[in-house]
Structures are given as structure tokens and as C-alpha cells.
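**Student:** Right, I'll just put the structure down here and ask away after.
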Amino acid sequence: MPAPTDDARTPRGVLSHLGSMVAVAAVMGVVVAGLAIPFAGVIGISARNLAENLNDLPAELETEALPQRTRILAADGSTIATLYDENRVNVKLTQISKRMRQAILSIEDYRFYQHGALDVKGTVRAFVTNQAAGGVVQGGSSITQQMVKLTLLNQATTDEEKKAAMEDTIARKLRELRYAIAFEENHSKDWILERYLNIAYFGDGVYGVQAAARHFFSKDASKLKLQEAATLAGLVKNPVGFDPTVYPARARDRRNTVLDRMADLSVIKQRRADKLKKRELDLKVTQNRNGCMFSRAPFFCDYVVNFLKADKSLGKTKKERQEVLLSGGLTIRTTLDPRFQKAADDSVRKSVFATDQAIGGLAMVEPRTGNVRALAQSRPMGRDRAKGETFLNYVVNQKYGDSGGFSAGSTFKTFVLATAVKQGIPLTTTINSPPKITISESKFEDCDGEPYGFGTWSPSNSTTSGPKTLYTGTRESVNTFFAQLEARTGICEPYRLAKDLGVDLTNPTGGPGGAGAERVPTFTLGTPNASPLEMAEAYATFAGRGLHCDARPVTKILDSRGTAVKDYRETCEQVLPSAVADAVNDVLRGVQEGGFGENAGIDLNQVSAGKTGTADSQQAVWFVGYTPNLATASMIAGANQFGQPIALKGQTIGGVFRPSASGSGFAGPMWYGAMSVIEQWLDDEDFVKPAPGEIAGVLLPVPNTAGMGINQATKVLEDAGFTVSVGSEVDSGLDRGLISYSSPAAGATTSSGDTVTIYPSDGSPYVPPKPKPKPKKPKNDDKPGRGGGGGGGGRD
């Protein structure tokens, strides 16, 4: 066909071209779904080439699922965060308001339900209008053709494919037409319109009509009013140029064009269109919040994302798993409790400011499930270092957060304590613990059964000294006591126990020359690094009576249809006999009830237990405390803006100058700040008392046996774990044979297996002893002087 002459833009020229197009179409004999192709002759393509190009194309386009945003939900069903490459939520056509459907059809393809894949009238109208105007004024593509183009663009995975989907060539138009024909043959008009409304881009980062309605008007697509529907319908032609958040005047003019078009087509009355055209846009924008940085629990969200990216069942590679998370339209149900999270956030932010040269962190894990209830840290998520922001998650294991952790201090003593109990060392075992000792490391047995030999070790105490039992040595956190206790247990078993309880220990013998070795005598003093999540998981095992459960942030994943695709069940294993865990709990509750916890004012109304920790050089302080139903690890670590460890002492942290730092006096109050709020939501439970028959040296209260017969009193005491001795009869006023009192007395605490002597009455009235005569007052020369001879006392 010859090229158009200069008169092509005149009415006579236009009609001449139309006649040529009809003639060419008739010669070609190309009829698609009953419609002639009108533009073949205009661009000079031959009938044979056109037919061959059509035949070479696939019969239909396979439509992939549209990318949709993923939601991360808290345990109560509220949204924590949304993740997406394209902010889209697919909806059914019936979930889109009638006015929205009318508006989009009026402005884009009003004859959509009357024509096939190609709208001949629309194409001819557009051709005439554009030829007369000398440029593209009006498009002729049907909604089906537009949907094909958007589908090809959406499914393009390479730059070449994206370019092919956008290029203005006959090849693209033929491809789109062929696919449009297939869609019209294989799908209903409602299906096509539904997909179009879900795939279309509406500007400002939102795809699909549901996300657009939520973003621009904060309502569902089913609730859109006429003027709102007209606004959205006007955006699809040029979503950037008509963006109402950037160009409100343009968007309003475009909305009014849609309203006029609806009136022209008698969809609405012109009078109503004129009334609505006077209104403002009345936007009610809900900001797009893509990713964890906009979450109310950003570092928990980050933990969830990294946890799922490590799950190979969601894809062969990390890239595939990332794509699933960003485009799969998943619903991820998590274990987070928003109440716990808020309490943790409030306490951390009060204790450690974002720009301090320290990092505060709290992790909460539920015993017997592993459910992670909250994660909080003082440095907010972001990239502005001047504001203290960071993307490093300091609260979780390095596997999920990139931080290498911090020295856990004396919180590691509990692993040695538990090992000692498991090995049968009585809780009342007494070890003399001087202020400082020098102990040969050859006395420590390592995993191969051979002595551990790196010379000598000279630990010293920072608390008290003297003879200590497992109770008092733990409550007072005596270093020289635990150094000697670890020499008895060996290093290997406590190290393995810590790993079994969830601490990520991966460098037992260290690098060249033993640098950074974890399985060393100083293990009991917590020289290895750990995160709050690891320590909360480990101590939750004690609270759970020896049942260790892997930390679990996610319970279930649902697909875009609400069908469960994966359940994350509890992964639990009994790693300690329950009686051993009960004994550890009995010892550690002493830290709260009379130890550092009570002295620091961090004892809850709930029954609780815990252990303090202070790292070498006071670079980190810890308090890991727990109730029977929640374990919380509190950590404050010195760290500069790059996260490198520095000493806490001498720093102003949380607005308070810290000349020194300790676990009980610094990390403990941050723990208490959160737990004192949370305890109202915890069930009132108590720890199980350790069984005296299984654990040697358990401290037990002596039952009251006064007034009982000898046999009954003996049974009560033996059932409580004591050995019974019957003493001589005493005057008491009770009938003969009834128990008058015991020694140790009722209510006193003594070790299981100890002998309790009961004293029966002889039936005689009680006669009080005669008072002793008062000592004579000394004469003046008998008064003690101020001179020497007396030994000075020290503070206990």
C-alpha cells in the first residue's frame, strides 16, 4: 500500500484511507473473531506476512498470579507490617463497587460488553480523531487489549521482555491482539474486567483498585462513592501525571472528565455530574508502609523475614524465597504479643536512648512453646546514624540479625549449675571461695576426657567470698566458687548443655592460637558472645522444666486465598530431667527472693527467678529473668555508632551517668520495667519444688508437726524429704505422745535428707525455766577501753 499523501489528514484523505483499509482486509481474508483488522494496510504490511505473524504466535497467553503484598500479623491478628514489590490486594469483581465499574468502563471502553477482542468502532474513531489531529489524541485499545499489555509487562522478567511489552510496533500490537482473542474465547467478560482492575497501576506505588481505594481514600473498593470512583478511573491513563497526591488540580480535572463522560453515556445525570465536579478530591491518604522499617515492631519483623528467607521449603534459593515474600500475597501469622512488645519498647527506650554509646535489648520467649513474644532494641531501624538508627538487629542470633552478640557474663554460670545438679552434686555442697584463687587449667576436663591445659587461671570475686553452697554461690554470683564447681563438672558438659538450650556456640577451640575460643575455663564467667534471644530461649528451658523449644516467631503461612501452605509447629525436646530444671529454678528464685534481684527492687509480684551477668570490663550487663510462663533476657551493651564494643562505665546512658554498671543495677531495672507491666497478663503459676529423692541437697521448709502423733509426724516429714529422729519426751501440756516441737523448727529451711528431730510430750504441764540472774555491772576499772586487741570486721 502506498504511503499516505499530504492530504491524509483532511476528511477526504481519512475516508480514502478507511476505504483502503477495508479493501486490504477483504483481500487478506483475515477475520479474527468476526472482526476485520483495520490497521494492516496503514503500515504497509503484506497480507501474507500478517497471517504468518499471527500463526507464529502462541494460541493463548498463560496468566501468572498477580504479585500481591504480604501481610505479617501479630498473634492477635493485627497487622505488624506489609511487604511488597507491588502494593496490590486482589479482589473479586463483586467486591468492587458498581460505581467503580461504571466509571472505568465509561472512560476506557464503554462498549466492552458489546465487542470482541478488538473494538472496531473504537479503533476507527481513534484513527479518525488522531489522523485529523496529527497525533495521538485518543487510544483505540479495548480493555482486553490493555489487560494483555499489562499482563505481558507484569510477567516480564528481563529488560528485553519489558522493552518488548512497551515498544510501539506492529509486532507488539499483533501479539496483544492474538492474546486478547484467546482471552475473549476462554474467559468471561467479568473475568477480564476483574483482572484488569486488579492489575492496573493507579499511581503513588499502588497497583489494583483495592490497594488504590485503601491508599487514596482509606476504604475498601466495595465502599467507593461515585466521585471517588471517578477519581480512580481517571488515573489509569496517566497514573504519574494525574497523581492526586502530587498534582491535585490535574487529578480533579481528570475526575471531572470522567464524570462528564459518564453523563454523556447516560450512566449518570448531567445535573449530578455538574454537582460532583464542584467538590474537592476529598482524599484520605493512608501512607504506603512497605517493609519492616515502617512496622510497629521493626526488629521482630526483620527477624521474621530473615527466619523465612532461611526456610528452604519456601524456595530453592534466597532470591526465590525473597520473591515469594514480596509478591506472594501471603499472610504470615506470628507469635508476637503487641501488649508485650509495647511494654518492652517503652522500657528499653526509657533505659537507653537511641544516640547513647550503648545498645539496650529485650527478648521474650514463652516456655514449652518457644513462641517469641516480643523483641525490642534501643536503636531504631533506619539509616540515619546521627539519630542512632541502624539496620543491625542486635537482639537476635547472628544468623538472623548480623550482630555477633555480646559477652553474656555470669548468666553462663547457670549452665554449670545445671550440669552440677544433673551430675548429682548436692545443692548444699560447700566450697570455700576466697576473694581470689589461682587454679591450674589442667584440672579442667575437656570433651575428650583429657585435662584442659593452657596454664593457670586466676579468677577473683566482685561480690562476696567465703564458704558457699550452690544456693549461696549462685545467689551471690561468686566467681571463685563457680571456677571450682566447673573444675568438678568439666567444661564439656556445660558447653554442650548451653548449645542444647539454644545458645549458638560455634567456635569451641577458637581460631589460630585459640583466639576467641568458647570451650575454655572462663566459659562459666560468660566470655562467649550471645544475643538476648538466645539467652531467653535457654532460660525458657529451665522455666519449662527441662523442655527446650526452638525459638519460634511464625506459626502459619496462608496464601492469597487464605489456604494454609505451611504450619510451623513447636519444635521441642526434653534436654534436662524435669527434677534438674526444678532444682535450678529453686536456686535461681533465690536471686529474686533475697538476692540481687530483691536488693535492686526488680522482684515481681509473680513468682520469678533469674540470673545477673556483667561482662569483663563492664562492656555488657545482663539480667535474664523468668516466671513459669515467660522468659525475658535484658541486655545493655556498650557500643559506639558502628556497633563496636566499648565499656559502659563512664558513659551517660538513658540520661544517667554510669560510673560503673552491673546486671542487677542496670539491666535488671530495664527487665523489671517491662515485666512489671506484663505480669498482669500472665497466669499465676509457681515453680515445681524439686523432688528430694532425685536431687540431693534441696532446701526444704520443715513442716509443722505440733500436735500430731509420732507416726503421723514421721510420715509427714518423710514425705517432705527428711529423715526423722524421735527425741526425748518433754513437758508441754499436750497429751502424752503428741509432738510438742521439732528441731529444726517448723518453717525453718534445711536440706532434703537432713534429720529432723521431733520431741513428743510426756503429758506433764509445761514449766518455764527459771530466769538466769542478771550479770553484775562492771566497776569503772572493768570497762572496756578503746585500745587495741580487737579484730576489725568487714562488710559481708
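Each chain in the C-alpha cells gets a letter, A, B and so on, in the order shown; residues start at 1 in every chain, and ligands are counted from 1 in the order they appear.
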Could you give me, as a list in words, the residues within 12 Å of Asp504 in chain A, counting only C-alpha atoms and dropping anything in the same chain fewer than 6 positions from it?
**Tutor:**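 Residues meeting the cut-off are Val396, Asn397, Gln398, Lys399, Tyr400, Gly404, Gly405, Tyr495, Arg496, Leu497, Ala498, Glu518, Pro528, Asn529, Ala530, Ser531, Pro532, Leu533, Glu534, Met535, Glu537, Ala538 and Asp550 of chain A.
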**Student:** Got time to write the residues from that selection, N, CA and C atoms, as a short mmCIF file (atom, residue, chain, number, x, y, z; two decimals), in the first residue's frame?
**Tutor:**
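Below is the file selection_15.cif, written as the result:
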data_model
loop_
_atom_site.label_atom_id
_atom_site.label_comp_id
_atom_site.auth_asym_id
_atom_site.auth_seq_id
_atom_site.Cartn_x
_atom_site.Cartn_y
_atom_site.Cartn_z
N VAL A 396 18.84 -10.58 68.17
CA VAL A 396 18.70 -11.97 67.74
C VAL A 396 20.06 -12.57 67.37
N ASN A 397 20.05 -13.87 67.12
CA ASN A 397 21.26 -14.60 66.73
C ASN A 397 21.88 -13.98 65.47
N GLN A 398 23.17 -14.17 65.31
CA GLN A 398 23.86 -13.63 64.15
C GLN A 398 23.26 -14.17 62.85
N LYS A 399 22.75 -15.38 62.88
CA LYS A 399 22.15 -16.00 61.70
C LYS A 399 21.00 -15.17 61.16
N TYR A 400 20.28 -14.47 62.05
CA TYR A 400 19.09 -13.74 61.64
C TYR A 400 19.25 -12.22 61.75
N GLY A 404 27.14 -9.93 66.02
CA GLY A 404 27.85 -11.06 66.61
C GLY A 404 27.53 -11.29 68.07
N GLY A 405 26.69 -10.44 68.68
CA GLY A 405 26.33 -10.61 70.07
C GLY A 405 27.34 -9.97 71.01
N TYR A 495 29.16 -26.78 78.27
CA TYR A 495 29.21 -26.21 76.92
C TYR A 495 28.14 -26.84 76.03
N ARG A 496 28.06 -28.16 76.08
CA ARG A 496 27.06 -28.85 75.26
C ARG A 496 25.65 -28.51 75.71
N LEU A 497 25.47 -28.36 77.02
CA LEU A 497 24.15 -28.02 77.53
C LEU A 497 23.71 -26.65 77.01
N ALA A 498 24.61 -25.68 77.03
CA ALA A 498 24.27 -24.35 76.52
C ALA A 498 23.82 -24.43 75.06
N GLU A 518 35.59 -20.67 72.83
CA GLU A 518 34.43 -20.62 73.72
C GLU A 518 34.51 -21.70 74.81
N PRO A 528 31.92 -16.23 76.11
CA PRO A 528 31.36 -16.31 74.75
C PRO A 528 30.28 -15.24 74.53
N ASN A 529 30.10 -14.87 73.27
CA ASN A 529 29.07 -13.89 72.92
C ASN A 529 27.71 -14.57 72.76
N ALA A 530 26.67 -13.81 73.04
CA ALA A 530 25.30 -14.31 72.87
C ALA A 530 24.39 -13.12 72.62
N SER A 531 23.18 -13.42 72.18
CA SER A 531 22.16 -12.39 71.97
C SER A 531 21.05 -12.57 73.00
N PRO A 532 20.26 -11.53 73.25
CA PRO A 532 19.14 -11.68 74.18
C PRO A 532 18.18 -12.80 73.79
N LEU A 533 17.93 -13.00 72.49
CA LEU A 533 17.02 -14.06 72.08
C LEU A 533 17.56 -15.43 72.47
N GLU A 534 18.85 -15.65 72.26
CA GLU A 534 19.45 -16.93 72.64
C GLU A 534 19.32 -17.19 74.14
N MET A 535 19.59 -16.17 74.94
CA MET A 535 19.54 -16.35 76.38
C MET A 535 18.11 -16.51 76.88
N GLU A 537 15.72 -17.92 75.14
CA GLU A 537 15.37 -19.28 74.74
C GLU A 537 15.96 -20.30 75.71
N ALA A 538 17.22 -20.07 76.11
CA ALA A 538 17.88 -21.01 77.01
C ALA A 538 17.20 -21.04 78.37
N ASP A 550 12.72 -24.69 70.34
CA ASP A 550 13.38 -23.71 69.47
C ASP A 550 12.56 -22.43 69.42
#
**Student:** When you look at Val148 in chain A with a cut-off of 8 Å (counting only C-alpha atoms), what residues show up, excluding the ones that are within fewer than 6 positions of it in the same chain? I need them as a VMD selection string.
**Tutor:** chain A and resid 176 179 to 180
**Student:** Excluding range 104-111 of chain A and any residue of its chain fewer than 6 positions from it, enumerate the residues within 9 Å of it, using only C-alpha atoms, and give them as a list in words.
**Tutor:** Asp119, Gly122, Gly139, Gly140, Ser141, Ser142, Ile143, Leu197, Ala229, Ala230, Leu232, Ala233, Gly234, Val236, Lys237, Thr257, Val258, Leu259, Arg261, Met262, Leu265 and Val267 of chain A
**Student:** Keeping only N, CA and C atoms, write those residues as a CSV table (one decimal), in the first residue's frame.
**Tutor:**
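After the write, selection_25.csv holds the following:
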chain,number,residue,atom,x,y,z
A,119,ASP,N,-12.3,-3.6,19.4
A,119,ASP,CA,-13.4,-2.7,19.2
A,119,ASP,C,-13.2,-1.9,17.9
A,122,GLY,N,-14.4,1.7,18.1
A,122,GLY,CA,-13.4,2.5,18.9
A,122,GLY,C,-12.1,2.7,18.2
A,139,GLY,N,-6.9,6.8,22.4
A,139,GLY,CA,-6.5,5.4,22.2
A,139,GLY,C,-7.7,4.6,21.7
A,140,GLY,N,-7.3,3.5,21.0
A,140,GLY,CA,-8.4,2.6,20.5
A,140,GLY,C,-8.3,1.3,21.1
A,141,SER,N,-7.4,1.0,22.0
A,141,SER,CA,-7.3,-0.3,22.6
A,141,SER,C,-8.5,-0.6,23.5
A,142,SER,N,-9.0,-1.8,23.4
A,142,SER,CA,-10.0,-2.3,24.3
A,142,SER,C,-9.4,-2.6,25.7
A,143,ILE,N,-10.3,-2.8,26.7
A,143,ILE,CA,-9.9,-3.2,28.0
A,143,ILE,C,-9.1,-4.5,27.9
A,197,LEU,N,-8.9,-4.6,36.5
A,197,LEU,CA,-8.9,-3.7,37.7
A,197,LEU,C,-7.9,-4.1,38.8
A,229,ALA,N,-14.8,7.0,42.8
A,229,ALA,CA,-14.6,6.0,41.7
A,229,ALA,C,-14.1,6.8,40.4
A,230,ALA,N,-14.7,7.9,40.2
A,230,ALA,CA,-14.3,8.7,39.0
A,230,ALA,C,-12.9,9.2,39.1
A,232,LEU,N,-10.4,7.6,40.7
A,232,LEU,CA,-9.5,6.4,40.4
A,232,LEU,C,-9.6,6.0,39.0
A,233,ALA,N,-10.7,6.0,38.4
A,233,ALA,CA,-10.9,5.6,37.0
A,233,ALA,C,-10.0,6.6,36.1
A,234,GLY,N,-9.9,7.8,36.5
A,234,GLY,CA,-9.2,8.8,35.6
A,234,GLY,C,-7.7,8.6,35.7
A,236,VAL,N,-5.8,5.7,35.5
A,236,VAL,CA,-5.1,4.7,34.8
A,236,VAL,C,-4.5,5.1,33.5
A,237,LYS,N,-5.0,6.2,32.9
A,237,LYS,CA,-4.5,6.7,31.6
A,237,LYS,C,-3.1,7.2,31.8
A,257,THR,N,-13.5,15.0,33.9
A,257,THR,CA,-13.7,14.4,32.5
A,257,THR,C,-14.4,13.1,32.6
A,258,VAL,N,-14.1,12.3,33.6
A,258,VAL,CA,-14.7,11.0,33.7
A,258,VAL,C,-16.2,11.2,34.1
A,259,LEU,N,-16.5,12.2,34.9
A,259,LEU,CA,-17.9,12.4,35.3
A,259,LEU,C,-18.7,12.9,34.1
A,261,ARG,N,-18.0,12.2,31.0
A,261,ARG,CA,-18.2,11.0,30.1
A,261,ARG,C,-19.3,10.1,30.5
A,262,MET,N,-19.4,9.9,31.8
A,262,MET,CA,-20.5,9.1,32.4
A,262,MET,C,-21.8,9.7,32.1
A,265,LEU,N,-22.8,9.3,28.4
A,265,LEU,CA,-23.3,7.9,28.2
A,265,LEU,C,-24.5,7.6,28.9
A,267,VAL,N,-25.0,7.2,32.0
A,267,VAL,CA,-24.7,6.4,33.2
A,267,VAL,C,-25.2,7.2,34.4
**Student:** Using only C-alpha atoms for the distances, tell me which of A:Arg255, A:Lys387, A:Lys316, A:His187 is nearest to Thr355 in chain A.
**Tutor:**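 Closest to Thr355 in chain A of all the choices is A:Lys387.
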**Student:** Could you check how far CA of Ser295 in chain A sits from CA of Gly638 in chain A, in Å to one decimal?
**Tutor:** 26.1 Å
**Student:** When you look at Lys278 in chain A with a cut-off of 12 Å (counting only C-alpha atoms), what residues show up, excluding the ones that are within fewer than 6 positions of it in the same chain? I need them as an MDAnalysis selection string.
**Tutor:** chainID A and resid 227 252:253 255:256 259 271:272
**Student:** Where does DSSP see strand (DSSP E or B) in range 542-790 of chain A, if you list the residues as a ChimeraX atom specification?
**Tutor:** /A:547-549,552,554-558,564-567,572-574,609-614,620-627,630-639,645,651-653,656-658,699-701,723-726,730,739-743,749-751,755-761
**Student:** Using only C-alpha atoms, which residues sit within 12 Å of Leu648 in chain A once same-chain residues fewer than 6 positions away are excluded, as a PyMOL selection string?
**Tutor:** chain A and resi 352+356-360+614-621+635-640+654+656-663+666-667
**Student:** For the atom pair CA of Ser742 in chain A and CA of Ala706 in chain A, what is the interatomic distance in Å to one decimal place?
**Tutor:**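 Rounded to one decimal, the two atoms are 7.8 Å apart.
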